[in-house]
$ cat data.cif   # mmCIF, C-alpha atoms and all ligand atoms
data_target
#
loop_
_atom_site.label_atom_id
_atom_site.label_comp_id
_atom_site.auth_asym_id
_atom_site.auth_seq_id
_atom_site.Cartn_x
_atom_site.Cartn_y
_atom_site.Cartn_z
CA MET A 141 0.00 0.00 0.00
CA SER A 142 1.34 3.49 -0.89
CA PRO A 143 0.98 6.27 1.69
CA PHE A 144 -2.10 8.42 1.10
CA ASP A 145 -1.09 11.22 -1.27
CA SER A 146 -3.58 14.05 -1.19
CA ASN A 147 -1.38 16.26 -3.40
CA SER A 148 -1.39 13.66 -6.13
CA LEU A 149 -5.19 13.24 -5.93
CA ARG A 150 -5.60 17.02 -6.03
CA THR A 151 -4.12 17.13 -9.54
CA GLN A 152 -7.30 15.41 -10.74
CA PHE A 153 -9.49 18.33 -9.54
CA PRO A 154 -9.25 21.35 -11.89
CA ALA A 155 -11.16 23.62 -9.48
CA LEU A 156 -8.43 23.31 -6.85
CA THR A 157 -5.94 25.21 -9.01
CA GLN A 158 -7.83 28.51 -8.70
CA HIS A 159 -6.58 31.68 -7.01
CA VAL A 160 -8.40 34.49 -5.22
CA ASN A 161 -6.67 37.89 -4.96
CA GLY A 162 -3.42 36.20 -5.95
CA LYS A 163 -3.68 33.56 -3.21
CA PRO A 164 -4.41 29.86 -3.78
CA ALA A 165 -8.08 29.07 -3.18
CA VAL A 166 -8.66 26.76 -0.21
CA PHE A 167 -11.90 24.80 -0.51
CA LEU A 168 -13.27 24.33 3.00
CA ASP A 169 -16.86 24.39 1.73
CA ALA A 170 -17.24 20.64 1.03
CA PRO A 171 -20.24 20.14 3.37
CA GLY A 172 -22.21 22.31 0.92
CA GLY A 173 -20.83 20.43 -2.09
CA THR A 174 -17.43 19.04 -3.08
CA GLN A 175 -15.35 19.73 -6.18
CA VAL A 176 -15.21 17.09 -8.92
CA PRO A 177 -12.33 15.25 -10.55
CA GLN A 178 -11.76 15.75 -14.29
CA ARG A 179 -13.14 12.29 -15.07
CA VAL A 180 -16.59 13.37 -13.78
CA ILE A 181 -16.53 16.41 -16.07
CA ASN A 182 -15.43 14.21 -18.99
CA ALA A 183 -18.13 11.63 -18.39
CA MET A 184 -20.83 14.28 -18.30
CA SER A 185 -19.67 16.09 -21.42
CA GLU A 186 -19.19 12.82 -23.29
CA TYR A 187 -22.75 11.82 -22.43
CA LEU A 188 -24.09 15.16 -23.67
CA ALA A 189 -21.94 15.02 -26.80
CA PHE A 190 -22.66 11.46 -27.91
CA SER A 191 -25.44 9.76 -25.91
CA ASN A 192 -27.94 12.53 -25.16
CA ALA A 193 -31.45 11.06 -25.41
CA ASN A 194 -34.50 9.97 -23.49
CA THR A 195 -35.11 6.32 -22.62
CA HIS A 196 -37.11 3.56 -24.38
CA GLY A 197 -36.12 4.58 -27.93
CA ALA A 198 -35.12 2.05 -30.60
CA PHE A 199 -32.00 4.00 -31.58
CA ALA A 200 -28.35 4.17 -30.53
CA THR A 201 -28.31 7.19 -28.18
CA SER A 202 -31.39 6.00 -26.31
CA ILE A 203 -29.92 2.51 -25.97
CA ARG A 204 -26.67 4.03 -24.67
CA THR A 205 -28.65 6.13 -22.18
CA GLU A 206 -30.34 3.02 -20.81
CA ARG A 207 -26.96 1.35 -20.48
CA ILE A 208 -25.72 4.34 -18.44
CA ILE A 209 -28.76 4.11 -16.13
CA HIS A 210 -28.04 0.41 -15.67
CA GLU A 211 -24.37 1.13 -14.90
CA ALA A 212 -25.31 3.92 -12.49
CA ARG A 213 -27.50 1.51 -10.54
CA SER A 214 -24.70 -0.97 -10.27
CA ALA A 215 -22.28 1.80 -9.16
CA ALA A 216 -24.83 2.83 -6.50
CA ALA A 217 -25.11 -0.78 -5.35
CA ASP A 218 -21.33 -0.96 -4.94
CA LEU A 219 -21.27 2.36 -3.13
CA LEU A 220 -23.95 1.46 -0.61
CA GLY A 221 -23.61 -2.32 -0.38
CA CYS A 222 -27.05 -3.24 -1.76
CA THR A 223 -28.55 -4.58 -4.99
CA PRO A 224 -29.01 -2.33 -8.06
CA ASP A 225 -32.81 -2.44 -7.86
CA GLU A 226 -32.81 -1.06 -4.32
CA VAL A 227 -31.58 2.41 -5.33
CA ALA A 228 -33.62 5.17 -6.97
CA PHE A 229 -32.09 8.36 -8.36
CA GLY A 230 -33.61 11.81 -8.18
CA ALA A 231 -32.93 15.53 -8.23
CA ASN A 232 -31.42 15.63 -4.74
CA MET A 233 -31.80 14.10 -1.29
CA THR A 234 -34.51 16.58 -0.25
CA SER A 235 -36.82 15.77 -3.19
CA LEU A 236 -36.33 12.03 -2.73
CA THR A 237 -37.04 12.29 0.99
CA PHE A 238 -40.28 14.18 0.33
CA ALA A 239 -41.23 11.48 -2.23
CA ILE A 240 -40.63 8.68 0.28
CA SER A 241 -42.28 10.56 3.16
CA ARG A 242 -45.39 11.24 1.06
CA ALA A 243 -45.60 7.55 0.16
CA ILE A 244 -45.14 6.46 3.78
CA GLY A 245 -47.68 9.13 4.76
CA ARG A 246 -50.37 7.17 2.90
CA GLU A 247 -50.15 4.59 5.68
CA ILE A 248 -49.88 7.00 8.62
CA LYS A 249 -52.87 7.11 10.97
CA VAL A 250 -53.89 9.70 13.53
CA GLY A 251 -51.74 9.31 16.64
CA ASP A 252 -48.84 7.49 14.91
CA GLU A 253 -45.50 8.87 16.07
CA ILE A 254 -42.40 9.88 14.11
CA ILE A 255 -39.07 10.72 15.74
CA VAL A 256 -36.77 13.37 14.28
CA THR A 257 -33.71 14.96 15.90
CA ASP A 258 -32.44 18.43 16.72
CA LEU A 259 -29.09 17.54 15.13
CA ASP A 260 -30.36 16.91 11.62
CA HIS A 261 -30.41 18.92 8.42
CA ASP A 262 -33.97 20.09 7.80
CA ALA A 263 -34.20 17.78 4.77
CA ASN A 264 -34.63 14.92 7.25
CA ILE A 265 -37.04 16.85 9.48
CA ALA A 266 -39.47 18.88 7.37
CA PRO A 267 -40.61 15.97 5.11
CA TRP A 268 -41.64 14.07 8.25
CA GLN A 269 -43.18 17.08 9.95
CA ALA A 270 -45.36 17.41 6.84
CA LEU A 271 -47.04 14.16 7.89
CA GLU A 272 -48.73 16.05 10.74
CA GLU A 273 -51.33 16.67 8.02
CA HIS A 274 -52.18 12.95 8.32
CA GLY A 275 -52.38 13.14 12.12
CA ALA A 276 -48.81 12.04 12.88
CA ILE A 277 -47.27 13.25 16.12
CA ILE A 278 -43.66 14.43 15.74
CA ARG A 279 -41.31 13.72 18.64
CA VAL A 280 -37.94 15.47 18.69
CA ALA A 281 -34.80 13.88 20.13
CA PRO A 282 -32.56 16.51 21.77
CA ILE A 283 -28.82 17.07 21.62
CA CYS A 284 -26.23 17.31 24.40
CA LYS A 285 -25.31 20.98 24.01
CA GLU A 286 -21.86 20.75 25.61
CA ASN A 287 -20.41 18.68 22.72
CA CYS A 288 -23.20 18.87 20.11
CA VAL A 289 -23.85 15.14 19.94
CA LEU A 290 -27.25 13.52 19.76
CA ASN A 291 -28.68 12.49 23.12
CA THR A 292 -29.07 8.87 22.06
CA GLN A 293 -30.55 7.81 25.39
CA ALA A 294 -33.26 10.46 25.12
CA LEU A 295 -34.08 9.27 21.59
CA LEU A 296 -34.32 5.65 22.75
CA GLU A 297 -36.73 6.72 25.49
CA LEU A 298 -39.04 8.27 22.88
CA LEU A 299 -39.47 4.90 21.13
CA CYS A 300 -42.80 3.19 21.81
CA PRO A 301 -45.24 0.91 19.99
CA LYS A 302 -46.80 4.00 18.35
CA THR A 303 -43.46 4.95 16.72
CA LYS A 304 -43.77 4.37 12.98
CA LEU A 305 -40.50 5.90 11.82
CA VAL A 306 -37.23 7.30 13.10
CA ALA A 307 -35.49 9.88 10.86
CA ILE A 308 -31.84 10.11 11.76
CA GLY A 309 -28.62 11.48 10.24
CA MET A 310 -25.39 9.50 10.01
CA ALA A 311 -23.24 12.59 10.64
CA SER A 312 -24.07 16.22 11.38
CA ASN A 313 -23.44 18.60 8.47
CA SER A 314 -22.91 21.40 10.98
CA VAL A 315 -20.67 20.08 13.74
CA GLY A 316 -19.51 16.72 12.36
CA SER A 317 -20.84 14.40 15.13
CA ILE A 318 -21.47 10.82 14.00
CA ASN A 319 -24.61 9.24 15.45
CA ASP A 320 -24.78 5.77 16.97
CA ILE A 321 -27.23 4.68 14.34
CA ASP A 322 -26.56 0.94 14.80
CA CYS A 323 -28.01 1.06 18.25
CA ILE A 324 -30.90 3.34 17.20
CA ILE A 325 -31.83 1.12 14.23
CA ARG A 326 -31.87 -2.01 16.41
CA ALA A 327 -34.04 -0.35 19.05
CA ALA A 328 -36.40 1.16 16.46
CA HIS A 329 -36.92 -2.22 14.80
CA LYS A 330 -37.77 -3.76 18.16
CA VAL A 331 -40.84 -1.51 18.38
CA GLY A 332 -41.64 -2.10 14.69
CA ALA A 333 -40.57 1.34 13.46
CA LEU A 334 -38.89 2.08 10.12
CA VAL A 335 -35.60 3.98 10.05
CA TYR A 336 -34.80 6.61 7.42
CA VAL A 337 -31.11 7.56 7.40
CA ASP A 338 -29.69 10.78 5.99
CA ALA A 339 -26.16 9.84 4.88
CA VAL A 340 -25.53 13.01 2.87
CA HIS A 341 -22.87 14.38 5.17
CA TYR A 342 -21.24 11.06 6.03
CA ALA A 343 -20.84 9.78 2.45
CA PRO A 344 -17.56 11.57 1.49
CA HIS A 345 -15.93 10.57 4.78
CA GLY A 346 -16.58 6.89 5.33
CA LEU A 347 -18.01 3.61 4.12
CA ILE A 348 -21.76 3.08 3.95
CA ASP A 349 -23.03 -0.47 4.30
CA VAL A 350 -26.82 -0.49 4.26
CA LYS A 351 -27.06 -4.24 4.77
CA LYS A 352 -24.88 -4.17 7.86
CA LEU A 353 -26.76 -1.14 9.18
CA ASP A 354 -30.08 -2.83 8.39
CA CYS A 355 -31.71 0.58 7.85
CA ASP A 356 -34.97 0.71 5.90
CA PHE A 357 -34.09 3.74 3.77
CA LEU A 358 -30.90 5.74 3.30
CA ALA A 359 -30.45 8.83 1.17
CA CYS A 360 -27.40 10.72 -0.06
CA SER A 361 -26.32 13.18 -2.75
CA ALA A 362 -23.53 12.68 -5.28
CA TYR A 363 -22.51 16.35 -5.23
CA LYS A 364 -21.32 15.83 -1.65
CA PHE A 365 -18.98 13.01 -2.68
CA PHE A 366 -17.12 14.40 -5.70
CA GLY A 367 -19.94 13.89 -8.20
CA PRO A 368 -22.65 16.00 -9.87
CA HIS A 369 -26.01 17.21 -8.52
CA VAL A 370 -27.81 13.87 -8.35
CA GLY A 371 -29.58 12.39 -5.32
CA LEU A 372 -30.04 8.71 -4.52
CA VAL A 373 -32.16 6.79 -2.08
CA TYR A 374 -31.76 3.19 -0.98
CA GLY A 375 -34.83 1.33 0.22
CA LYS A 376 -35.09 -2.30 1.24
CA LYS A 377 -36.55 -4.15 -1.72
CA ASP A 378 -39.79 -5.01 0.12
CA HIS A 379 -40.37 -1.36 0.98
CA MET A 380 -39.57 -0.15 -2.54
CA GLN A 381 -42.16 -2.62 -3.86
CA ARG A 382 -44.81 -2.23 -1.15
CA PHE A 383 -45.05 1.54 -0.59
CA LEU A 384 -46.98 3.40 -3.26
CA PRO A 385 -45.16 6.32 -4.87
CA TYR A 386 -46.95 9.29 -6.44
CA LYS A 387 -46.25 8.75 -10.13
CA VAL A 388 -47.66 9.28 -13.62
CA ARG A 389 -49.71 6.42 -15.10
CA PRO A 390 -47.62 5.49 -18.15
CA ALA A 391 -44.38 5.28 -16.12
CA SER A 392 -43.08 1.86 -15.18
CA ASP A 393 -44.32 0.29 -11.97
CA ASN A 394 -41.15 -1.75 -11.60
CA THR A 395 -38.76 -1.08 -8.76
CA PRO A 396 -36.83 1.22 -8.62
CA ASP A 397 -38.16 3.02 -11.75
CA ARG A 398 -41.50 3.73 -10.05
CA TRP A 399 -39.71 6.08 -7.61
CA GLU A 400 -37.95 8.01 -10.36
CA THR A 401 -40.47 10.63 -11.44
CA GLY A 402 -39.97 12.10 -14.90
CA THR A 403 -36.83 12.06 -17.00
CA GLN A 404 -33.66 11.54 -15.01
CA ASN A 405 -30.50 13.64 -15.10
CA HIS A 406 -28.69 11.26 -17.45
CA GLU A 407 -25.52 13.32 -17.74
CA GLY A 408 -25.56 13.47 -13.94
CA LEU A 409 -25.77 9.68 -13.79
CA ALA A 410 -22.76 9.43 -16.13
CA GLY A 411 -20.90 11.76 -13.76
CA PHE A 412 -22.08 9.77 -10.75
CA ILE A 413 -20.55 6.56 -12.16
CA ALA A 414 -17.26 8.42 -12.67
CA ALA A 415 -17.35 9.73 -9.07
CA VAL A 416 -17.83 6.22 -7.68
CA ASP A 417 -14.99 4.96 -9.89
CA TYR A 418 -12.80 7.81 -8.61
CA LEU A 419 -13.40 6.73 -4.99
CA ALA A 420 -12.72 3.10 -5.91
CA ASP A 421 -9.44 4.21 -7.51
CA VAL A 422 -8.46 5.90 -4.24
CA GLY A 423 -8.77 2.44 -2.70
CA ARG A 424 -6.82 0.80 -5.51
CA SER A 425 -3.99 3.34 -5.06
CA TYR A 426 -3.91 3.89 -1.31
CA GLY A 427 -6.16 1.35 0.34
CA ALA A 428 -5.09 -1.35 2.74
CA GLU A 429 -5.88 -4.97 1.98
CA ILE A 430 -9.47 -5.74 2.84
CA PRO A 431 -10.29 -8.27 5.57
CA LYS A 432 -11.92 -11.51 4.52
CA GLU A 433 -15.29 -10.47 5.94
CA TYR A 434 -16.25 -9.27 2.42
CA PRO A 435 -15.71 -12.42 0.27
CA HIS A 436 -18.78 -11.90 -1.95
CA GLU A 437 -18.34 -8.27 -2.87
CA SER A 438 -17.43 -6.97 -6.34
CA GLU A 439 -13.88 -5.72 -7.00
CA ARG A 440 -15.21 -2.13 -7.09
CA ARG A 441 -17.02 -2.54 -3.76
CA ILE A 442 -13.84 -3.94 -2.17
CA SER A 443 -11.86 -1.00 -3.58
CA LEU A 444 -14.47 1.42 -2.24
CA ILE A 445 -14.24 -0.19 1.19
CA SER A 446 -10.47 0.23 1.27
CA GLY A 447 -10.63 3.70 -0.33
CA MET A 448 -13.03 5.00 2.29
CA GLN A 449 -10.87 3.52 5.05
CA ALA A 450 -7.81 5.32 3.64
CA ILE A 451 -9.77 8.58 3.38
CA ARG A 452 -11.05 8.25 6.94
CA GLN A 453 -7.55 7.71 8.33
CA TYR A 454 -6.13 10.69 6.44
CA GLU A 455 -9.03 12.95 7.46
CA HIS A 456 -8.63 11.90 11.09
CA LYS A 457 -5.13 13.44 11.15
CA LEU A 458 -6.35 16.63 9.46
CA ALA A 459 -9.22 16.93 11.96
CA LYS A 460 -6.83 16.72 14.91
CA GLN A 461 -4.57 19.40 13.45
CA LEU A 462 -7.53 21.69 12.71
CA VAL A 463 -9.28 21.30 16.07
CA LYS A 464 -6.07 21.64 18.08
CA GLY A 465 -5.18 24.84 16.21
CA LEU A 466 -8.67 26.33 16.57
CA LEU A 467 -8.77 25.66 20.31
CA ASP A 468 -5.52 27.67 20.66
CA ILE A 469 -7.10 30.83 19.18
CA ASN A 470 -8.32 33.32 21.77
CA GLY A 471 -11.91 34.53 21.54
CA LEU A 472 -13.00 31.57 19.43
CA THR A 473 -15.96 29.40 20.44
CA PHE A 474 -15.79 25.86 19.15
CA TYR A 475 -19.00 23.81 18.74
CA GLY A 476 -18.76 20.02 18.73
CA ILE A 477 -16.55 17.14 19.83
CA LYS A 478 -13.07 18.38 20.76
CA ASP A 479 -11.77 15.49 22.87
CA PHE A 480 -9.31 13.61 20.61
CA GLU A 481 -10.26 10.33 22.29
CA GLN A 482 -13.75 10.82 20.86
CA PHE A 483 -12.64 11.61 17.31
CA THR A 484 -13.91 8.30 15.95
CA HIS A 485 -17.33 9.84 16.62
CA ARG A 486 -16.81 12.77 14.30
CA VAL A 487 -16.04 13.68 10.70
CA PRO A 488 -13.74 16.65 9.96
CA THR A 489 -16.52 19.26 9.85
CA VAL A 490 -16.42 21.93 12.54
CA SER A 491 -18.38 25.07 13.39
CA ILE A 492 -16.98 28.06 15.24
CA ARG A 493 -17.78 31.62 16.23
CA ILE A 494 -15.41 34.50 16.79
CA ALA A 495 -16.34 36.70 19.74
CA THR A 496 -15.86 40.05 18.00
CA LYS A 497 -17.33 39.35 14.58
CA ALA A 498 -20.56 38.10 13.00
CA PRO A 499 -20.18 34.76 11.16
CA ARG A 500 -20.86 36.46 7.81
CA ASP A 501 -18.05 38.96 8.43
CA VAL A 502 -15.64 36.16 9.31
CA ALA A 503 -16.63 34.28 6.13
CA GLU A 504 -16.15 37.44 4.05
CA ILE A 505 -12.71 38.17 5.49
CA LEU A 506 -11.66 34.57 4.90
CA GLY A 507 -13.22 34.66 1.42
CA GLN A 508 -11.03 37.63 0.48
CA GLU A 509 -8.01 35.60 1.62
CA GLY A 510 -9.07 32.68 -0.58
CA PHE A 511 -10.64 30.47 2.12
CA PHE A 512 -14.10 29.20 1.15
CA VAL A 513 -16.18 28.61 4.30
CA TRP A 514 -19.92 28.65 4.91
CA ASP A 515 -21.72 30.77 7.46
CA GLY A 516 -25.28 30.58 8.84
CA ASN A 517 -27.22 27.49 9.85
CA TYR A 518 -26.54 25.43 6.69
CA TYR A 519 -30.18 24.22 7.03
CA ALA A 520 -29.37 22.51 10.33
CA LEU A 521 -31.89 24.98 11.69
CA SER A 522 -32.92 23.18 14.88
CA LEU A 523 -29.29 22.79 15.98
CA SER A 524 -28.58 26.47 15.39
CA GLU A 525 -31.70 27.34 17.42
CA GLN A 526 -30.74 24.97 20.24
CA LEU A 527 -27.25 26.49 20.44
CA GLY A 528 -28.78 29.98 20.62
CA VAL A 529 -26.83 31.25 17.59
CA GLU A 530 -29.70 31.43 15.10
CA PRO A 531 -30.64 35.10 15.67
CA THR A 532 -27.02 36.27 15.37
CA GLY A 533 -25.95 34.75 12.07
CA GLY A 534 -25.38 31.13 13.07
CA MET A 535 -21.81 29.86 12.94
CA VAL A 536 -18.85 29.58 10.55
CA ARG A 537 -18.34 26.10 9.15
CA ILE A 538 -14.97 24.68 8.14
CA GLY A 539 -15.40 21.39 6.31
CA LEU A 540 -12.46 19.23 5.29
CA VAL A 541 -12.37 16.39 2.81
CA HIS A 542 -9.47 14.29 1.56
CA TYR A 543 -8.34 16.86 -1.01
CA ASN A 544 -7.51 19.30 1.78
CA THR A 545 -3.97 19.35 3.14
CA ALA A 546 -2.07 20.05 6.36
CA TYR A 547 -0.52 23.06 4.62
CA GLU A 548 -3.98 24.55 3.93
CA ILE A 549 -4.95 24.09 7.57
CA ASP A 550 -1.75 25.83 8.74
CA ARG A 551 -2.57 28.74 6.43
CA LEU A 552 -6.14 28.95 7.68
CA LEU A 553 -5.09 28.91 11.34
CA GLU A 554 -2.50 31.59 10.72
CA THR A 555 -5.01 33.78 8.87
CA LEU A 556 -7.66 33.31 11.57
CA GLY A 557 -5.12 34.10 14.28
CA ASN A 558 -3.72 37.21 12.51
CA GLN A 559 -6.69 38.71 10.77
CA ILE A 560 -9.53 38.08 13.14
CA LYS A 561 -8.74 39.94 16.31
C1 LIG B 1 -26.80 16.36 6.07
C2 LIG B 1 -27.55 16.85 4.87
N1 LIG B 1 -28.72 16.30 4.59
C3 LIG B 1 -29.44 16.69 3.52
C4 LIG B 1 -29.00 17.67 2.69
C5 LIG B 1 -29.83 18.05 1.51
O1 LIG B 1 -29.26 17.51 0.37
P1 LIG B 1 -29.78 17.91 -1.07
O2 LIG B 1 -29.22 19.24 -1.39
O3 LIG B 1 -29.25 16.82 -1.96
O4 LIG B 1 -31.26 17.92 -1.03
C6 LIG B 1 -27.77 18.29 2.94
C7 LIG B 1 -27.29 19.38 2.09
O5 LIG B 1 -26.58 20.26 2.53
C8 LIG B 1 -27.03 17.86 4.06
O6 LIG B 1 -25.84 18.40 4.36
#
$ encode --input "data.cif" --output "structure tokens"
Amino acid sequence: MSPFDSNSLRTQFPALTQHVNGKPAVFLDAPGGTQVPQRVINAMSEYLAFSNANTHGAFATSIRTERIIHEARSAAADLLGCTPDEVAFGANMTSLTFAISRAIGREIKVGDEIIVTDLDHDANIAPWQALEEHGAIIRVAPICKENCVLNTQALLELLCPKTKLVAIGMASNSVGSINDIDCIIRAAHKVGALVYVDAVHYAPHGLIDVKKLDCDFLACSAYKFFGPHVGLVYGKKDHMQRFLPYKVRPASDNTPDRWETGTQNHEGLAGFIAAVDYLADVGRSYGAEIPKEYPHESERRISLISGMQAIRQYEHKLAKQLVKGLLDINGLTFYGIKDFEQFTHRVPTVSIRIATKAPRDVAEILGQEGFFVWDGNYYALSLSEQLGVEPTGGMVRIGLVHYNTAYEIDRLLETLGNQIK
């Protein structure tokens, strides 16, 4: 195995070569969307140049388009550890989650309970809250404010025979905490509840294995893991067949097509395949040998497993460097897990505030220096409200992925220390 070489991988991402005011751009905005390797751009433009068509035609471009859809499903299966017919594509995670929640809503009765959390992005809260129209009661699991992790015990205590669904995130897009979803899924199933997992923020940082997790649904978005703006949702085959989607009459009733309303983003699917292949190549180049617990997986799935392990290890080091440096800056409030011993429970996404400046001002100053960071609530509205920062501009989010480097973090810490007094 070669040592992880972020600088070499970076050469595949044209966007990373940009400058702002003469300084190299530093992309710390990944939680809102990552940059893409050249192969994703090539795949999308090649599709548009030579295969651009709708499906079900008797001619070459339409046949090629169907082949790409088929390949995208098999790439999704390798990415998530499921079968190709258990994944539906759509515009984005939010639209897919509303589609699934509306379908589940058809079976919701007055007094049924749904659990959401204060840690989640609103895309895994609002679609479930909408089911109040059917008489559902929404229960909200709180966070532990001191380290911004989900209060798992409090969530478990909300479970009861009336619970029909638990909507939970794998990792917080605001403060990076990873939830103990194994334990939550097991407990939810014991009371007969479904579990809908938002894996959007976790996907670029670690392996997803829906079969091991045993979740009922899991959604993510390719633009958060080095691909284009395409969403995907996994659903256990039985659920994908049993629940009734809202769809037009002539469209196929086969699974997963029945969940894919209208014409899909075919160029996006071509780019999605390239993004999955990119991650598999990270494993082929830098991954450790995979333990024998995966004897039946495809070569690409095995490479993805080792690629995501390599990425996680590299990001772990970056996260330590970033958090240690931030904690040394006077007048900075840090939100989230800061105890290194607990770093296996976080991804390298952090939120901060500077005592003397509004989050937007901090983001603007950093922006002028070439550092791309987000400010606000990033749609993790409940968390921002719980932390009391919502009325004053939220927080500043620094989000690392594997194309970030130790050098970039040093530069950021120096700029924060010098410029923001
Ligand atoms: C954790 C999380 N969930 C859901 C979403 C919504 O994803 P999409 O834009 O694909 O609807 C985001 C986007 O920021 C997110 O970070």
$ axis_aligned_box --input "data.cif" --around "stretch 461-478 of chain A" --padding-each-side "6 Å" --output "lines of an AutoDock Vina configuration file"
center_x = -11.8
center_y = 25.8
center_z = 17.2
size_x = 26.4
size_y = 29.4
size_z = 21.1
$ closest_atom_pairs --input "data.cif" --of "chain A" --to "ligand LIG 1 (chain B)" --cutoff "8 Å" --atoms "only C-alpha atoms and all ligand atoms" --output "CSV"
residue,atom,partner,partner_atom,distance
A:Pro171,CA,B:LIG1,O6,5.9
A:Gly172,CA,B:LIG1,O5,5.1
A:Gly173,CA,B:LIG1,O5,7.4
A:Ala231,CA,B:LIG1,O3,7.4
A:Asn232,CA,B:LIG1,O3,3.7
A:Met233,CA,B:LIG1,O3,3.8
A:Thr234,CA,B:LIG1,O4,3.6
A:Ser235,CA,B:LIG1,O4,6.3
A:Leu236,CA,B:LIG1,O4,8.0
A:Asp260,CA,B:LIG1,C1,6.6
A:His261,CA,B:LIG1,N1,4.9
A:Asp262,CA,B:LIG1,C3,7.1
A:Ala263,CA,B:LIG1,C3,5.0
A:Asn264,CA,B:LIG1,N1,6.6
A:Gly309,CA,B:LIG1,C1,6.7
A:Ala311,CA,B:LIG1,C1,6.9
A:Ser312,CA,B:LIG1,C1,6.0
A:Asn313,CA,B:LIG1,C1,4.7
A:Ser314,CA,B:LIG1,O6,7.8
A:Asp338,CA,B:LIG1,N1,5.8
A:Ala339,CA,B:LIG1,C1,6.7
A:Val340,CA,B:LIG1,C2,4.8
A:His341,CA,B:LIG1,C1,4.5
A:Tyr342,CA,B:LIG1,C1,7.7
A:Cys360,CA,B:LIG1,O3,6.7
A:Ser361,CA,B:LIG1,O3,4.7
A:Ala362,CA,B:LIG1,O3,7.8
A:Tyr363,CA,B:LIG1,O3,7.5
A:Lys364,CA,B:LIG1,C7,7.9
A:His369,CA,B:LIG1,O3,7.3
A:Val370,CA,B:LIG1,O3,7.2
A:Gly371,CA,B:LIG1,O3,5.6
A:Tyr518,CA,B:LIG1,O5,6.6
A:Tyr519,CA,B:LIG1,O5,7.0
A:Ala520,CA,B:LIG1,C1,7.9
$ residues_around --input "data.cif" --residues "A:Glu286" --least-positions-apart "5" --cutoff "9 Å" --atoms "only C-alpha atoms" --output "ChimeraX atom specification"
/A:475-477
$ closest_residue --input "data.cif" --among "A:Asp417, A:Gln526, A:Leu149, A:His542" --to "A:Ile283" --atoms "all atoms listed in the file"
A:Gln526
$ closest_residue --input "data.cif" --among "A:Arg179, A:Arg398, A:Arg486, A:Lys330" --to "A:Met310" --atoms "all atoms listed in the file"
A:Arg486
$ atom_distance --input "data.cif" --atom1 "atom CA of A:Asp252" --atom2 "atom CA of A:Arg326"
19.5 Å
$ residues_around --input "data.cif" --residues "A:Glu455" --least-positions-apart "6" --cutoff "9 Å" --atoms "only C-alpha atoms" --output "VMD selection string"
chain A and resid 345 487 to 488 540 to 542 544
$ closest_residue --input "data.cif" --among "A:Lys457, A:His210, A:Arg440, A:His406" --to "A:Ala420" --atoms "only C-alpha atoms"
A:Arg440
$ closest_residue --input "data.cif" --among "A:Gln508, A:Thr237, A:Asn194, A:Gln381" --to "A:Asp225" --atoms "all atoms listed in the file"
A:Gln381
$ closest_residue --input "data.cif" --among "A:Ser241, A:Thr303, A:Gln461, A:Gln158" --to "A:Tyr386" --atoms "all atoms listed in the file"
A:Ser241
$ closest_residue --input "data.cif" --among "A:Ile209, A:Ala415, A:Ile348, A:Ile549" --to "A:Thr174" --atoms "all atoms listed in the file"
A:Ala415
